[in-house]
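A.B. asks: Input: one structure, supplied below.
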Amino acid sequence: MPAITLPDGTVRRYDGPVTGTAVAASIGPGLAKAALAMELDGRLLDLGTEITDDAALRFVTRRDEAALGMIRHDAAHVLAEAVQGLYPGTQVTIGPAIENGFYYDFARNEPFTPDDFPAIEARMREIVAANAPFQREEWPREEAIAFFEARGERYKAELIRDLPESETISIYRQGEWLDLCRGPHMRGTGDVGTAFKLMKVAGAYWRGDHRNPMLTRIYGTAWRDAKELDAHLHQLEEAERRDHRRIGREMDLFHVQEEATGQVFWHPKGWRLYSTVQEYMRRAQNRNGYQEVRTPLLVDRALWEASGHWENYREHMFVASVEDEQERRVLALKPMNCPCHVQIFRHGLRSYRELPLRMAEFGACHRYEPSGALHGIMRVRGFVQDDAHIFCTEAQIAPETARFVAMLAEVYRDLGFDGFRVKFADRPDNRAGDDASWDKSEAALVEACRLAGVEYELNPGEGAFYGPKLEFVLRDAIGRDWQCGTLQVDTVLPERLDASYVGEDSARHRPVMLHRAILGSFERFLGILIEQFAGRFPLWLAPVQVVVATIVSDAEPYALEVADALRRAGLAVQADTANEKINAKIRTHSLQRVPVILVVGRKEAEARTVAMRRLGGADQELLGVQEAVAALALEAAAPDLRRGTAA
């Protein structure tokens, strides 16, 4: 006689085992129509699952966030049925839901192309319209293997063979078609709806191993309704328009090439953008009491073994073997800066009076990323972090975190982001240290969030191997989320690397180490920044801030004089005295996204004025040259410097 507790606290009792479908119907016809699945004691299950014991029950409707994952999962099954119906002999392999959509990998002699999409989508819509119910069955292992092998589905048979003996073999039917699947699913194929679209094809090795056969992966996107689908497609169009790789080429900011895979060649304009952001961050760190350091790129394997990175991070490290005075040594390019900062802390006797000690480095790091994962400047192998470590006492964790959050919020605001979300990543399975130290670190970070006034969502199991962390997530101009900043509480590394300070009691104590970054990788953050502004930077960030363009060749001496005055005022300026019409010059520099164009001709030279045009504007403003230089110099100052001027 199960007692079902509903979200409002109501308890309903039933005479015997009851399905979610029956519970929904007993509550009312509206819920019976709306419910797609259920959460039973927090587990997402099919509505047809029998409830035999007392439990807390919540129904999942189309408006729930959980429904999106189910829509996408079921859409993958619909895709697979459509493909096998249209192209007999095609084998289905694996097809999960992913962020914003789904995919399915197919084995077929002739790979699919986007030209196949219209026919596949049409068949998918027929399957959705048929609304065949999803029905779960449990099969004996050997029977399931024999069934799929008889159908020529050797990949499915292999998957079943590799499942643990304790695993239940569950099969889901949708009409005449079936697939191996753990579930859960919605009620029927009709619940997928029609807000889906096939997006692209790609090659994918079976089980991600290059030694295995190449499969064809078809990606799709699926949403709750047409409005959400249209919004997503618009976001993709906007993302393509803002793609930092394309804008980087158009603005001549950087390039990458095979001879230095995963590393960036910064061109003069791009390096000016990079340097502007770096100098801004240096000032922010100085204001907040950080001491800047520099540590080696190549460090002996022994340090990485002592820190635990060799065990936990070895596959991502670049390693070099050298003969050093007849001794073979193994060195690694540092993938992060923290062990080196501990070495500086350990150099000499430290007192509690020095804490908190805030140590910062724009540290060049190298990590091996698979070539397929590289993406412009956002995913690279060589990068620089705005990395810092705060050595402090346990009592200082909360106030230091609050101070860091305030600094981070100001930086993000100055760089054009209105706000951020925070995720709390707690202990992972492969953690170092004992549970007592993790309990203490997590409790301290929770208290730090309270003191800083930070609300967070839990990101379970995603902490670093040495400690829990806060992850700071930005949302850009077109609604995409980027995790950039982080703060991690670490009691493990100071212990492993024997860092200590002398306390008030004259005894040795271990410091707590707070790992923190605001931008994270400069390369990745600048890619985000390029896309955030679509290359149309505010004046203080623009790689070229002003172009002085001549109407006639007679104005060239005056144009060079104006450009020199702007340059002496600290602006990045170019003089365009080419023998071209002014409209062509304006068009060229507008495509280069130059924020300000100063137009000068004979009249302007005689009157010592300039005609100022703003990017995207059609109007001109006539100003005296000294007035224009002063106004632009003030506008081009970084936000923190403007605040200092105002103060």
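Residue names in the structure tokens use chain letters A, B, ... in the order shown, residue numbers from 1 in each chain, and ligand numbers from 1 in the order shown.
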When you look at Arg346 of chain A with a cut-off of 12 Å (counting only C-alpha atoms), what residues show up, excluding the ones that are within fewer than 2 positions of it in the same chain? I need them as a list in words.
C.D. replies: Pro339, Cys340, His341, Val342, Gln343, Ile344, Gly348, Leu349, Arg350, Ser351, Phe391, Pro494, Glu495, Leu497, Asp498, Ala499, Ser500, Tyr501, Val502, Arg510 and Pro511 of chain A
A.B. asks: Report as a tab-separated table: every residue of segment 210-272 of chain A with an atom at most 12 Å from segment 469-489 of chain A, its closest pair of atoms, and their distance in Å to one decimal, counting only C-alpha atoms, with rows sorted by chain and ascending residue number.
C.D. replies:
```
residue	atom	partner	partner_atom	distance
A:Ala231	CA	A:Ile478	CA	10.0
A:His232	CA	A:Gly479	CA	9.7
A:Leu233	CA	A:Ile478	CA	11.4
A:His234	CA	A:Ile478	CA	9.2
A:Gln235	CA	A:Ile478	CA	6.2
A:Leu236	CA	A:Ile478	CA	9.1
A:Glu237	CA	A:Ile478	CA	10.2
A:Glu238	CA	A:Ile478	CA	7.3
A:Ala239	CA	A:Ile478	CA	7.6
A:Glu240	CA	A:Ile478	CA	11.2
A:Arg241	CA	A:Ile478	CA	11.2
A:Arg242	CA	A:Ile478	CA	9.7
```
A.B. asks: As number ranges by chain, which residues of segment 431-637 of chain A does DSSP assign to strand (DSSP E)?
C.D. replies: A: 457-459, 469-475, 481-490, 501-502, 508-509, 512-521, 546-550, 573-576, 596-600, 609-614, 620-624
A.B. asks: Where in segment 512-610 of chain A does DSSP assign helix (DSSP H, G or I), given as a PyMOL selection string?
C.D. replies: chain A and resi 522-533+553-568+582-591+602-607
A.B. asks: Tell me, counting only C-alpha atoms, for each residue of segment 405-506 of chain A within 8 Å of segment 296-312 of chain A, which pair of atoms is nearest and how far apart they are in Å to one decimal, in rows ordered by chain and increasing number, as a tab-separated table.
C.D. replies:
```
residue	atom	partner	partner_atom	distance
A:Phe465	CA	A:Asn312	CA	7.9
A:Leu493	CA	A:Ser307	CA	6.1
A:Arg496	CA	A:Ser307	CA	5.9
A:Leu497	CA	A:Ser307	CA	6.3
```
A.B. asks: Rounded to one decimal place, report the atom CA of Leu541 of chain A-atom CA of Arg283 of chain A distance in Å.
C.D. replies: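 Answer for the atom CA of Leu541 of chain A to atom CA of Arg283 of chain A separation: 15.2 Å.
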A.B. asks: Would you mind listing, for every residue of segment 152-265 of chain A within 10 Å of segment 46-52 of chain A, the two atoms forming the shortest contact and the distance between them in Å to one decimal, using only C-alpha atoms, sorted by chain and ascending residue number, as a tab-separated table?
C.D. replies:
```
residue	atom	partner	partner_atom	distance
A:Gly183	CA	A:Asp46	CA	7.6
A:Pro184	CA	A:Asp46	CA	5.2
A:His185	CA	A:Asp46	CA	5.7
A:Met186	CA	A:Asp46	CA	6.4
A:Arg187	CA	A:Leu47	CA	7.1
```
A.B. asks: Okay, now the selection with C-alpha atoms, as a PDB file, in the first residue's frame?
C.D. replies:
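Written file, result.pdb:
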```pdb
ATOM      1  CA  GLY A 183      15.804   4.910 -20.621  1.00  0.00           C
ATOM      2  CA  PRO A 184      13.831   6.634 -19.348  1.00  0.00           C
ATOM      3  CA  HIS A 185      11.573   7.777 -22.174  1.00  0.00           C
ATOM      4  CA  MET A 186       8.449   9.857 -22.509  1.00  0.00           C
ATOM      5  CA  ARG A 187       5.055   8.326 -23.255  1.00  0.00           C
TER       6      ARG A 187
END
```
A.B. asks: In terms of the shortest atom-to-atom distance over only C-alpha atoms, which of A:Ile4, A:Leu273, A:Ala130, A:Val512 is closest to Leu526 of chain A?
C.D. replies: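 Closest candidate: A:Leu273.
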A.B. asks: Near Glu606 of chain A, counting only C-alpha atoms, which residues have an atom at most 12 Å away, once you skip same-chain residues fewer than 4 positions from it, shown as an MDAnalysis selection string?
C.D. replies: chainID A and resid 554:555 557:559 600:602 610 624:625
A.B. asks: Take the residues that were just selected and, keeping N, CA and C atoms, output them as a PDB file, in the first residue's frame.
C.D. replies:
```pdb
ATOM      1  N   ASP A 554      46.193  67.166 -50.470  1.00  0.00           N
ATOM      2  CA  ASP A 554      46.704  68.398 -49.859  1.00  0.00           C
ATOM      3  C   ASP A 554      46.600  68.361 -48.336  1.00  0.00           C
ATOM      4  N   ALA A 555      45.675  67.535 -47.814  1.00  0.00           N
ATOM      5  CA  ALA A 555      45.456  67.502 -46.361  1.00  0.00           C
ATOM      6  C   ALA A 555      46.393  66.531 -45.650  1.00  0.00           C
ATOM      7  N   PRO A 557      49.711  66.553 -44.769  1.00  0.00           N
ATOM      8  CA  PRO A 557      50.520  67.054 -43.644  1.00  0.00           C
ATOM      9  C   PRO A 557      49.679  67.294 -42.389  1.00  0.00           C
ATOM     10  N   TYR A 558      48.476  67.839 -42.586  1.00  0.00           N
ATOM     11  CA  TYR A 558      47.604  68.095 -41.437  1.00  0.00           C
ATOM     12  C   TYR A 558      47.139  66.768 -40.818  1.00  0.00           C
ATOM     13  N   ALA A 559      46.803  65.791 -41.644  1.00  0.00           N
ATOM     14  CA  ALA A 559      46.368  64.495 -41.130  1.00  0.00           C
ATOM     15  C   ALA A 559      47.464  63.850 -40.282  1.00  0.00           C
ATOM     16  N   VAL A 600      39.559  64.603 -42.680  1.00  0.00           N
ATOM     17  CA  VAL A 600      40.150  65.935 -42.839  1.00  0.00           C
ATOM     18  C   VAL A 600      40.363  66.231 -44.324  1.00  0.00           C
ATOM     19  N   GLY A 601      40.062  67.465 -44.677  1.00  0.00           N
ATOM     20  CA  GLY A 601      40.288  67.948 -46.039  1.00  0.00           C
ATOM     21  C   GLY A 601      40.898  69.344 -45.985  1.00  0.00           C
ATOM     22  N   ARG A 602      40.808  70.111 -47.087  1.00  0.00           N
ATOM     23  CA  ARG A 602      41.395  71.454 -47.101  1.00  0.00           C
ATOM     24  C   ARG A 602      40.739  72.349 -46.069  1.00  0.00           C
ATOM     25  N   VAL A 610      38.402  68.759 -37.240  1.00  0.00           N
ATOM     26  CA  VAL A 610      38.257  67.400 -37.765  1.00  0.00           C
ATOM     27  C   VAL A 610      36.768  67.079 -37.820  1.00  0.00           C
ATOM     28  N   GLY A 624      37.165  71.103 -33.031  1.00  0.00           N
ATOM     29  CA  GLY A 624      38.531  71.590 -33.093  1.00  0.00           C
ATOM     30  C   GLY A 624      39.476  70.450 -32.756  1.00  0.00           C
ATOM     31  N   VAL A 625      40.675  70.470 -33.322  1.00  0.00           N
ATOM     32  CA  VAL A 625      41.570  69.339 -33.171  1.00  0.00           C
ATOM     33  C   VAL A 625      41.945  69.109 -31.709  1.00  0.00           C
TER      34      VAL A 625
END
```
A.B. asks: What is the atom CA of Met317 of chain A to atom CA of Glu292 of chain A distance in Å?
C.D. replies: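 Between these atoms lies a distance of 24.8 Å.
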